[in-house]
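> The structure that follows is given in the form of structure tokens.
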There are 2 protein chains.
Amino acid sequence: MKKLLILVVAALLAISASAQTLSSPDGNLVMTFALTQKGTPTYTLSYKGQEVIRPSALGFEFVDNAYENYGTYYHTPKRPIYSMREGFTLQETASATFDEVWKPVWGENAEIRNHYNELLVKLCRKERNFMLNIRFRLYNDGLGFRYEFPWQANKKLSYFVIREEYTEFAMTGDHTAYWIPGCYETQEYEYAVSRMSEIDDRIVEVGKNVGNAMQKIFSPTGVQTSLQLKTDDGLYINIHEAALVDYSCMHLELNPDTNVFTSHLTPDALGYKGWMQAPCHTPWRTIEVSDDACKILASNLILNLNDPCAYEDTSWIKPIKYIGIWWELMLGKSRWYYTAEFKKKGVKLGENDYTKVTPLPNHGANNANVRRYIDFAAKHGFDQVLVEGWNEGWEDYYGCRKDYVFDFQTPYPDFDIKALNEYAHSKGVRLMMHHETSSSVRNYERHMERAYSMMNDYGYNAVKSGYVGGIIPNGEYHSGQYMVNHYLYAVKEAAKHRIMVNAHEAIRPTGLCRTYPNLIGNESARGMEYCTNEDAGIKPHHAATLPFTRLKGGPMDYTPGILNMKFAGQTPRKDKARRCVRSTICNQLALYVTLFSPLQMAADLPENYENQPAAFQFIKDVAVDWDESRYLAAEPAEYIVAARRTKGKNEWFVGGITDNERTMPISFDFLEKGKNYIATLYKDGKDADCDNNPHAYTVVSGRIDSRSALKIWMAHGGGFAISIREATTADSKVKPLK
Amino acid sequence: MKKLLILVVAALLAISASAQTLSSPDGNLVMTFALTQKGTPTYTLSYKGQEVIRPSALGFEFVDNAYENYGTYYHTPKRPIYSMREGFTLQETASATFDEVWKPVWGENAEIRNHYNELLVKLCRKERNFMLNIRFRLYNDGLGFRYEFPWQANKKLSYFVIREEYTEFAMTGDHTAYWIPGCYETQEYEYAVSRMSEIDDRIVEVGKNVGNAMQKIFSPTGVQTSLQLKTDDGLYINIHEAALVDYSCMHLELNPDTNVFTSHLTPDALGYKGWMQAPCHTPWRTIEVSDDACKILASNLILNLNDPCAYEDTSWIKPIKYIGIWWELMLGKSRWYYTAEFKKKGVKLGENDYTKVTPLPNHGANNANVRRYIDFAAKHGFDQVLVEGWNEGWEDYYGCRKDYVFDFQTPYPDFDIKALNEYAHSKGVRLMMHHETSSSVRNYERHMERAYSMMNDYGYNAVKSGYVGGIIPNGEYHSGQYMVNHYLYAVKEAAKHRIMVNAHEAIRPTGLCRTYPNLIGNESARGMEYCTNEDAGIKPHHAATLPFTRLKGGPMDYTPGILNMKFAGQTPRKDKARRCVRSTICNQLALYVTLFSPLQMAADLPENYENQPAAFQFIKDVAVDWDESRYLAAEPAEYIVAARRTKGKNEWFVGGITDNERTMPISFDFLEKGKNYIATLYKDGKDADCDNNPHAYTVVSGRIDSRSALKIWMAHGGGFAISIREATTADSKVKPLK
């Protein structure tokens, strides 16, 4: 890894004045730290002289961890509460500058610059002799800061319990917010766009639309991060966190009277929010700021605030483009479960003889169907085939609160795991493992080692895991410290087996893929699957919001590539007859570029791809790992245009999506000057419309160079996609693209 | 296994009359089942015509498990409550008789007869079409019954959540009770003896005396099982449960106005008490009855109600007599932890270099000390040496709520695990593994496979595990379903490695050692360790209560054999200066016979044994596994005299203990008629007294036969022990024992 490292640490100085100022390397961002008269730590942030964050308090409440006694009926001690929100004095400060270039294992760019100025503030709260450090890192693209807890002279405070973190983000006005409800259980809401002051009014409507059984919305003004905001002056502000490790997920709660967001952590079963041992620290709290929406998308702040890769050898980590037995399950054409008999009388793993029951006619993960997908993958160059519903237990896996729900090792009788893997490998394809845990987390951890070992035995190198339903152990939430710890445990254990993880329904990412790049994907947001649910659905603005929000922390397995948008009638289930994808074909193609992920699915049915060979060609061609990425145009919830250069090739892909009809000017000045390129443009057909005419598109090819410019019309819910390769002598007669 | 099996199943009959009667094989016990006018199931029990259990209701409350949504701030659905306490109608009954003889892998007797009459009652609650079966088994020594839940036509009720079980035990009067407080966390209370009506008055005093940080007493009239009772007419009644598997521990709550005990299950973090999937059943609820206290002790009801051994090969399960580096830790002579440096600044496993810190001068588990114990064990014929404090992490293992508290694999620098095991094996001794979990249960399960494998690698075949402190995951209790599931998981996983388990602070046993005989021991009650705590202590009646209560479910690792009762001054800690064992030497010896366990420790320090070679001889001689056991005299909380014949030998050991001074007549009619035996009697010295003169004892030998009789005086807190072997020709001149 090439490194350019300049580290300057100023001498530690005991100072009396408490106000500290820090500037970003380019000087555009300036933050201050100060203690109030009462000794409350505060910070502010400005951008090009304009106030972004008004004075915002920092602090905690702890509860006493000294005595474990939950009490008896005659003696129920309340844990004493320690306020750590005021009474601090400044002990020392230290500043530093850091600048390096690092190379991710996979990513949007081959190299990432990590350049910041740092301020470390050491505080002491005399009353309990409590020491608290706050570390600020100011980048050109934003601010990161975290709380650090050194070992305490008062040992009792070295093992502390967080009752709440009170980190404020005081806004300067009633900005436009791109938000989903703050929820302990799921992030699978459709993004809402409203004034901050309107969150309260709209949260019930937005919350009800989750179409997901598990939810726990904690407040009428609670929202999740990453939270995108836009001021009336056109400033874009994004609040998230980086490196969420062994700590509860941070949500934000708005005080609509003051425009202040305050952190709200996910509680555990006892209502506490963090069990800590010093020395330790919180995740980074991040604020990206720019007057250019494209720069928000291009920011690497979150990745930079994560630790470097933890693995010495990463040769086994490879981007994946895959298909799978999945969309047909979502459509109801086939089933995860094997037999209606156990559907009617339940499953007890190990006690059911699946060989003696009548299989469904349409169990999806059957040998013939899997071979069909393998053949299709091999023919069209896909790396892997995901197979869901391969293992015993699906008959009552959901909603029954079963502890021993799956063993992750026993295939259904019609899934010959050995033969199918051998067949796939003979064709240069791998199967992708699927571990649905039903959120019975103890059960998953009990079987994890054996399940991963079995994957090694058969030649799987990637697993899609799932966490549907309520967590077991009872009382824990998907976004609490206990589960945050689990998700990373699963990733680290997988790495021991050289296995990549794509976890669905897990905590939304916070850049941990830098440190653990086998975390190749996550769901953690509302993805394409919601289009199969007519009560829920996805509106066109949603995919144009995700790169500003969910994708801040890492790639998403959104599963794009649906080319047949209207699947009414394909399903025998009447209640889903009106299901559809509100997206044009070109919008679907563009998603492979606008939604960066090193793991991309071509989600539609093989037969639908065979019916649309022209559009399918783009999905086959598009890369999933990049040397360079440029955001050409962007506005949250409206449009995004991105251009990316394929890893190791002088080949570009451009994608544009939009909510409403619009014409987008595209300049190709990102191309190497003086070189000729051949571009293939997939654009919405004349009358295309995501609702009325989603399948209309045209494909045109032509010559372009760095001086070329186009104006491309995009339909309502539409988009465009372009593949660009260097021209060869054989292309001398190709005409310019228009 | 020799079997005598007679099974007669009566034809299933749909009947209209609801009252059913069942008698024990000897006719002494008679039970009735009936439905009340409101359709509430009830039962009664009588013994020799005397009422034992007045009409007592049976039933449940469930909560709806259909929808997993915990709700949002705007929508918090309450789970509907389904009362299953009335409205039942009788569908069918079936009766059967069973008689077999089975052989335990280890135990008090080589053969156990399992002989009962059975009544199966099939009920239906029309309102929700809920089917409930109750199975009664009536033995000569008591009643066992359990609820059975068949798969439900109403599938929703096949996955059900128990809000509470309402099983009544209606007493006929205000009996004397031998009880400890009902507590979700611990059983380590000293037994109290009082009228049932006095429980309320005394529970605070008894509860405060636990000397254990974790406790959760749930009610002023709650008590634990096994609960021993005695009527004013001299009838002994014992209430417990058998085969507690994947269900919450049952406590009892007394209504002092009606003398009715009602079941009270341990809740989970959400307050619910059982997550069930039909077909399934509860543990057996057991009521032993006799007018002879000795018959209560001799009852095999609990074992008989458990399933036969689950393992095909049990050759690797062997009784164990062991010593260990433990009592010196309890006394404060040495320490579990290695260094004061990490004691002061905490441990983060894997991040501490123990080789670079100053060790304590008195870390117990050091190579030299372990070798000293190995030498002592080899010299005196002990099977194993327990070593506690061998692994990294003890510096802050307790009271800090650490998740990653131990890895169970990394020895301290002064414990050479390979060399010490090799040294032990070269001398015919094994080390015993120690896994303190600190109740961080997820962490233990994560490391369990590797920890057990490491035991295999080094030749360990037994582990003492521990569960001090509050459970992680938070909100779960030691006696809840989640933990009950865990303890058995640990035992079953251990069996895969041919490892025996001796779990401390785990759920009190319920006879599972029949099915899983590698569950070689448990603590689960107040053991000898409390004598090192002056604030707690153990009074002389306690050990005479345990066989009537705690030992009902299985053996206890009480750790007897303390021969130096007054250890004031041995400890540098002033606050423990008055610690002592309130027991004479002969009382300590007798405990090896009165407290059956296939795992027995000689708990005292090697030097104390070397100072008392005569008494130590009994500890060396006494067996731990038996072909035959006889209880010669017993009264709960007062005295117990037991005689046992060594497995495979015509050799007997007799032990007697008492609370207060008394003289006990002993008849040796259990010896084979016509044979001569040599007996060695260890008896309290003339002025012996557990408080004032605990060390006084004499040893006398002499000839006895089956016609011999003795009157043996026992001191306050005293006892006696006798070892008996067949006489040989060399013994012809030995005089009769007097």
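We name chains A, B, ... following the order of the structure tokens; residues begin at 1 in each chain, and ligands are numbered from 1 as shown.
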Just the strand (DSSP E or B) stuff from stretch 165-407 of chain A, please, per backbone DSSP, written as an MDAnalysis selection string.
chainID A and resid 165 168:170 176:179 181 183 192:195 217 222:223 227:230 236:242 250:255 260:265 274:277 280:281 284:290 320:325 335 363 384:387 391
> Report as a ChimeraX atom specification all protein, DNA and RNA residues lying within 8 Å of stretch 385-396 of chain B, evaluated on only C-alpha atoms, omitting residues in the same chain fewer than 2 positions from it.
/B:322-326,335-340,342-343,346-349,364-366,370,373-374,377,382-383,398-400,405-412,415,429-434
> Excluding stretch 622-635 of chain A and residues on its chain fewer than 3 positions from it, collect all residues at most 7 Å away from it, counting only C-alpha atoms, and give them as a list in words.
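My reading of the contact set: Trp106, Gly107, Glu108, Asn109, Ala110, Ala293, Cys294, Ala298, Pro319, Ser597, Pro598, Leu599, Gln600, Phe618, Ile619, Glu638, Tyr639, Ile640, Val641, Ala642, Ala643, Arg644, Arg645, Thr646, Lys647, Gly648 and Phe653 of chain A.
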> Looking at B:His447, B:Arg526, B:Arg662, B:Lys566, which one is nearest to B:Leu331, with distances taken over only C-alpha atoms?
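Ranking B:His447, B:Arg526, B:Arg662, B:Lys566 by distance to B:Leu331, first place goes to B:Lys566.
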> Write out as a ChimeraX atom specification the set of residues from stretch 212-309 of chain A that DSSP, computed on the backbone, places in alpha helix (DSSP H).
/A:293-298,301-304
> Fewer than 5 positions away in the same chain doesn't count, so skip those; otherwise give me all residues within 8 Å of A:Ser24, counting only C-alpha atoms, as a list in words.
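In the requested format, the answer is Leu29, Val30, Tyr116, Asn117, Leu138, Tyr139 and Asn140 of chain A.
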> Which polymer residues have any atom within 9 Å of an atom of B:Glu185, counting only C-alpha atoms, with same-chain residues fewer than 3 positions away left out, as number ranges by chain?
B: 214-217, 470, 477-480, 505, 507
> How about saving the chosen residues, C-alpha atoms kept, as an mmCIF file, in the first residue's frame?

data_model
loop_
_atom_site.group_PDB
_atom_site.id
_atom_site.type_symbol
_atom_site.label_atom_id
_atom_site.label_comp_id
_atom_site.auth_asym_id
_atom_site.auth_seq_id
_atom_site.Cartn_x
_atom_site.Cartn_y
_atom_site.Cartn_z
ATOM 1 C CA MET B 214 -26.855 -11.939 42.346
ATOM 2 C CA GLN B 215 -30.298 -12.511 43.711
ATOM 3 C CA LYS B 216 -33.854 -11.856 42.630
ATOM 4 C CA ILE B 217 -36.414 -12.921 45.183
ATOM 5 C CA GLY B 470 -25.470 -11.480 36.117
ATOM 6 C CA TYR B 477 -31.946 -15.013 34.724
ATOM 7 C CA HIS B 478 -29.955 -18.038 35.836
ATOM 8 C CA SER B 479 -33.141 -20.084 36.123
ATOM 9 C CA GLY B 480 -34.993 -18.996 32.979
ATOM 10 C CA GLU B 505 -24.164 -21.668 39.907
ATOM 11 C CA ILE B 507 -29.863 -24.437 37.543
#
